[in-house]
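Here's upload.tsv, which has TSV, C-alpha atoms:
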chain	number	residue	atom	x	y	z
E	1	MET	CA	-8.43	41.40	13.14
E	2	SER	CA	-12.07	41.57	12.11
E	3	SER	CA	-14.37	38.57	12.41
E	4	LYS	CA	-14.82	38.51	8.62
E	5	LYS	CA	-11.06	38.14	8.08
E	6	LYS	CA	-10.92	35.45	10.79
E	7	MET	CA	-13.67	33.47	9.02
E	8	GLN	CA	-11.90	33.75	5.65
E	9	SER	CA	-8.60	32.73	7.23
E	10	THR	CA	-10.22	29.75	8.97
E	11	SER	CA	-12.04	28.79	5.78
E	12	ASN	CA	-8.80	28.96	3.77
E	13	LYS	CA	-7.00	26.82	6.35
E	14	LYS	CA	-9.80	24.24	6.30
E	15	SER	CA	-9.79	23.99	2.52
E	16	LEU	CA	-6.00	23.70	2.47
E	17	ILE	CA	-6.06	20.95	5.12
E	18	SER	CA	-8.89	19.18	3.30
E	19	GLU	CA	-6.92	19.30	0.07
E	20	GLN	CA	-3.80	17.93	1.75
E	21	ILE	CA	-5.72	15.12	3.42
E	22	SER	CA	-7.44	14.12	0.18
E	23	ASN	CA	-4.01	13.50	-1.37
E	24	LEU	CA	-3.13	10.93	1.32
E	25	PRO	CA	-3.89	7.20	1.02
E	26	GLN	CA	-7.33	6.20	2.26
E	27	GLU	CA	-5.99	4.33	5.31
E	28	ASP	CA	-4.16	7.47	6.46
E	29	GLN	CA	-7.26	9.59	5.90
E	30	ILE	CA	-9.34	7.23	8.05
E	31	GLU	CA	-6.72	7.27	10.80
E	32	ILE	CA	-6.59	11.10	10.83
E	33	VAL	CA	-10.39	11.38	11.02
E	34	GLU	CA	-10.61	8.80	13.83
E	35	ASP	CA	-7.87	10.55	15.84
E	36	SER	CA	-9.60	13.90	15.38
E	37	LEU	CA	-12.92	12.48	16.54
E	38	LYS	CA	-11.34	10.97	19.66
E	39	ARG	CA	-9.99	14.40	20.65
E	40	LEU	CA	-13.42	16.04	20.41
E	41	PRO	CA	-15.71	16.10	23.45
E	42	ASN	CA	-18.66	13.69	23.16
E	43	GLU	CA	-21.23	16.49	22.82
E	44	GLU	CA	-19.42	17.88	19.75
E	45	ARG	CA	-19.09	14.58	17.94
E	46	ARG	CA	-21.38	13.82	15.06
E	47	GLU	CA	-21.54	10.80	12.90
E	48	LEU	CA	-21.04	11.24	9.19
E	49	VAL	CA	-22.06	8.46	6.86
E	50	GLN	CA	-21.57	8.72	3.15
E	51	GLU	CA	-22.90	6.18	0.72
E	52	SER	CA	-22.30	6.08	-2.99
E	53	LEU	CA	-24.34	4.03	-5.43
E	54	SER	CA	-23.47	3.60	-9.06
E	55	TYR	CA	-25.67	1.92	-11.62
E	56	SER	CA	-25.35	1.52	-15.35
E	57	GLY	CA	-27.73	-0.18	-17.70
E	58	PRO	CA	-30.28	0.26	-20.45
E	59	ILE	CA	-33.07	0.87	-17.95
E	60	PRO	CA	-33.13	2.74	-14.65
E	61	HIS	CA	-32.44	1.05	-11.32
E	62	TYR	CA	-35.54	-0.57	-9.82
E	63	THR	CA	-35.70	2.03	-7.04
E	64	ASP	CA	-35.83	4.77	-9.69
E	65	PHE	CA	-38.73	2.97	-11.35
E	66	GLN	CA	-40.75	3.42	-8.17
E	67	GLY	CA	-40.00	7.14	-8.24
E	68	TYR	CA	-41.01	7.48	-11.90
E	69	GLU	CA	-44.19	5.53	-11.27
E	70	ASN	CA	-45.06	7.71	-8.25
E	71	VAL	CA	-44.59	10.92	-10.23
E	72	LEU	CA	-46.33	9.75	-13.40
E	73	PRO	CA	-48.38	6.54	-13.22
E	74	GLY	CA	-47.65	4.28	-16.18
E	75	SER	CA	-44.23	5.82	-16.81
E	76	ALA	CA	-42.34	2.69	-15.71
E	77	ASP	CA	-44.15	0.66	-18.38
E	78	ARG	CA	-43.38	3.34	-20.98
E	79	ILE	CA	-39.68	3.26	-20.04
E	80	LEU	CA	-39.57	-0.54	-20.40
E	81	LYS	CA	-41.38	-0.34	-23.74
E	82	MET	CA	-38.90	2.31	-24.94
E	83	SER	CA	-35.97	0.09	-23.90
E	84	GLU	CA	-37.48	-2.94	-25.64
E	85	ASN	CA	-38.05	-0.94	-28.84
E	86	GLN	CA	-34.47	0.38	-28.78
E	87	SER	CA	-33.11	-3.13	-28.24
E	88	SER	CA	-35.20	-4.50	-31.11
E	89	HIS	CA	-34.05	-1.65	-33.38
E	90	ARG	CA	-30.39	-2.27	-32.51
E	91	GLN	CA	-30.78	-6.00	-33.22
E	92	LYS	CA	-32.33	-5.28	-36.64
E	93	ILE	CA	-29.46	-2.95	-37.53
E	94	GLU	CA	-26.87	-5.53	-36.40
E	95	LYS	CA	-28.60	-8.23	-38.45
E	96	ALA	CA	-28.65	-5.97	-41.53
E	97	VAL	CA	-24.94	-5.21	-41.10
E	98	VAL	CA	-24.05	-8.90	-40.77
E	99	LEU	CA	-26.14	-9.87	-43.83
E	100	SER	CA	-24.57	-7.04	-45.81
E	101	GLU	CA	-21.06	-8.17	-44.86
E	102	VAL	CA	-21.87	-11.75	-45.87
E	103	GLU	CA	-23.23	-10.57	-49.23
E	104	ASN	CA	-20.17	-8.37	-49.84
E	105	SER	CA	-17.90	-11.30	-49.01
E	106	LYS	CA	-19.76	-13.59	-51.45
E	107	ARG	CA	-19.61	-10.94	-54.18
E	108	GLY	CA	-15.88	-10.49	-53.62
E	109	GLN	CA	-15.31	-14.24	-53.85
E	110	ARG	CA	-17.26	-14.40	-57.13
E	111	TYR	CA	-15.23	-11.54	-58.64
E	112	ALA	CA	-11.97	-13.10	-57.46
E	113	PHE	CA	-12.96	-16.45	-58.99
E	114	VAL	CA	-13.71	-14.82	-62.35
E	115	ILE	CA	-10.43	-12.86	-62.34
E	116	VAL	CA	-8.36	-15.94	-61.43
E	117	LEU	CA	-10.16	-18.03	-64.05
E	118	VAL	CA	-9.48	-15.40	-66.73
E	119	ALA	CA	-5.80	-15.20	-65.70
E	120	LEU	CA	-5.41	-18.99	-65.81
E	121	VAL	CA	-7.13	-19.26	-69.20
E	122	PHE	CA	-4.96	-16.41	-70.49
E	123	GLY	CA	-1.82	-18.20	-69.23
E	124	PHE	CA	-2.81	-21.45	-70.95
E	125	ILE	CA	-3.63	-19.60	-74.19
E	126	LEU	CA	-0.17	-18.03	-74.09
E	127	LEU	CA	1.36	-21.49	-73.67
E	128	LEU	CA	-0.67	-22.82	-76.64
E	129	PHE	CA	0.70	-20.01	-78.84
E	130	ASP	CA	4.31	-20.88	-77.94
E	131	LYS	CA	4.74	-17.98	-75.52
E	132	LYS	CA	6.16	-20.26	-72.88
E	133	LEU	CA	7.83	-17.63	-70.71
E	134	GLU	CA	4.81	-15.31	-70.66
E	135	GLY	CA	2.43	-18.22	-70.09
E	136	PHE	CA	4.43	-19.64	-67.18
E	137	VAL	CA	4.87	-16.20	-65.62
E	138	THR	CA	1.10	-15.61	-65.84
E	139	LEU	CA	0.28	-19.00	-64.31
E	140	ILE	CA	2.92	-18.79	-61.56
E	141	SER	CA	2.04	-15.20	-60.61
E	142	THR	CA	-1.65	-16.11	-60.44
E	143	ALA	CA	-0.89	-19.10	-58.21
E	144	THR	CA	1.43	-16.98	-56.05
E	145	VAL	CA	-1.25	-14.33	-55.55
E	146	LEU	CA	-3.79	-17.01	-54.59
E	147	VAL	CA	-1.43	-18.58	-52.05
E	148	GLY	CA	-0.53	-15.14	-50.67
E	149	ILE	CA	-4.18	-14.21	-50.20
E	150	PHE	CA	-4.88	-17.55	-48.52
E	151	VAL	CA	-1.95	-17.20	-46.09
E	152	TYR	CA	-2.79	-13.55	-45.32
E	153	THR	CA	-6.42	-14.44	-44.60
E	154	LYS	CA	-5.45	-17.28	-42.27
E	155	GLU	CA	-2.98	-15.07	-40.36
E	156	SER	CA	-5.58	-12.30	-40.04
E	157	GLU	CA	-8.12	-14.76	-38.66
E	158	LYS	CA	-5.54	-16.07	-36.16
E	159	GLU	CA	-4.77	-12.53	-34.94
E	160	GLU	CA	-8.48	-11.74	-34.65
E	161	ARG	CA	-9.08	-14.87	-32.54
E	162	LYS	CA	-6.17	-13.92	-30.27
E	163	GLU	CA	-7.58	-10.44	-29.74
E	164	LYS	CA	-11.04	-11.81	-29.00
E	165	SER	CA	-9.65	-14.30	-26.48
E	166	LYS	CA	-7.77	-11.45	-24.73
E	167	ASP	CA	-10.97	-9.39	-24.51
E	168	GLU	CA	-12.94	-12.24	-22.97
Would you kindly transcribe this structure into C-alpha cells?
Amino acid sequence: MSSKKKMQSTSNKKSLISEQISNLPQEDQIEIVEDSLKRLPNEERRELVQESLSYSGPIPHYTDFQGYENVLPGSADRILKMSENQSSHRQKIEKAVVLSEVENSKRGQRYAFVIVLVALVFGFILLLFDKKLEGFVTLISTATVLVGIFVYTKESEKEERKEKSKDE
C-alpha cells in the first residue's frame, strides 16, 4: 500500500473517530481523552487548551476597543458616539410610536362616544314616536355592545399582563 493511501486511510479513521466521540456526552469525551493521554509517553504529550468567549451588546467588548484604538486612534470614541446616536434614534422612534398609539386610542374613543350617543338618541326618538319595540331593541343592543366591548377589553388586558409576567 502506498504512503498516500495510508495517509488517507489514517485521516479517514481519525475523522470517523472524531465524529463518533463528538456524539458522546461531554463527561465520556473527557474520560476518553484523559485515558488516551495517559497511554502516551511523556515526550509525546502536549497540552491543549481551548477557550471560548462570547459577547453580545450594542458596543464591542472592552478588549476589542483597545484593538480598534491601536489600529485607528480615535476610533473607540467614534464607535461610542455611533452607539449613542443609534440609541437616541431608537428612543425617538419608540416615543413617536407610543404617542401615535395614544392619539389613535383617543380618536377611537371619541368616535365610539359619538356613535353610541347617536344610537342612544335614535333609540329614545323611536320610543317618543311610539316605536317601542324598535326603540328598546336599539337601546338594549347599544348597551349590550358597550358591555361586550368593556368585558373584551378587560379580558385582553388580563391576558396581556399574564404574558408579560411570564416573560419577566
One-decimal distance in Å that lies between atom CA of E:Asp77 and atom CA of E:Thr63: 14.2 Å
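Among E:Ile149, E:Arg161, E:Pro58, E:Pro41, the residue with the shortest atom-to-atom distance to E:Gln86, counting all atoms listed in the file, is E:Pro58.
Considering the residues E:Leu40, E:Val116, E:Ile17, E:Leu133 and counting all atoms listed in the file, E:Val145 has its shortest atom-to-atom contact with E:Val116.
The two atoms in question, atom CA of E:Ile93 and atom CA of E:Gly74, are spaced 29.0 Å apart.
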What is the atom CA of E:Glu155 to atom CA of E:Ser141 distance in Å? 20.9 Å
Spatial neighbours of E:Val118, 12 Å, all atoms listed in the file, chain gap at least 6 places, as a ChimeraX atom specification: /E:111-112,124-125,138-139,142
Env of E:Ile59: 8 Å cut, atoms = only C-alpha atoms, seq-sep filter 6 positions within chain, self excluded. Answer as a PyMOL selection string. chain E and resi 79-80+83
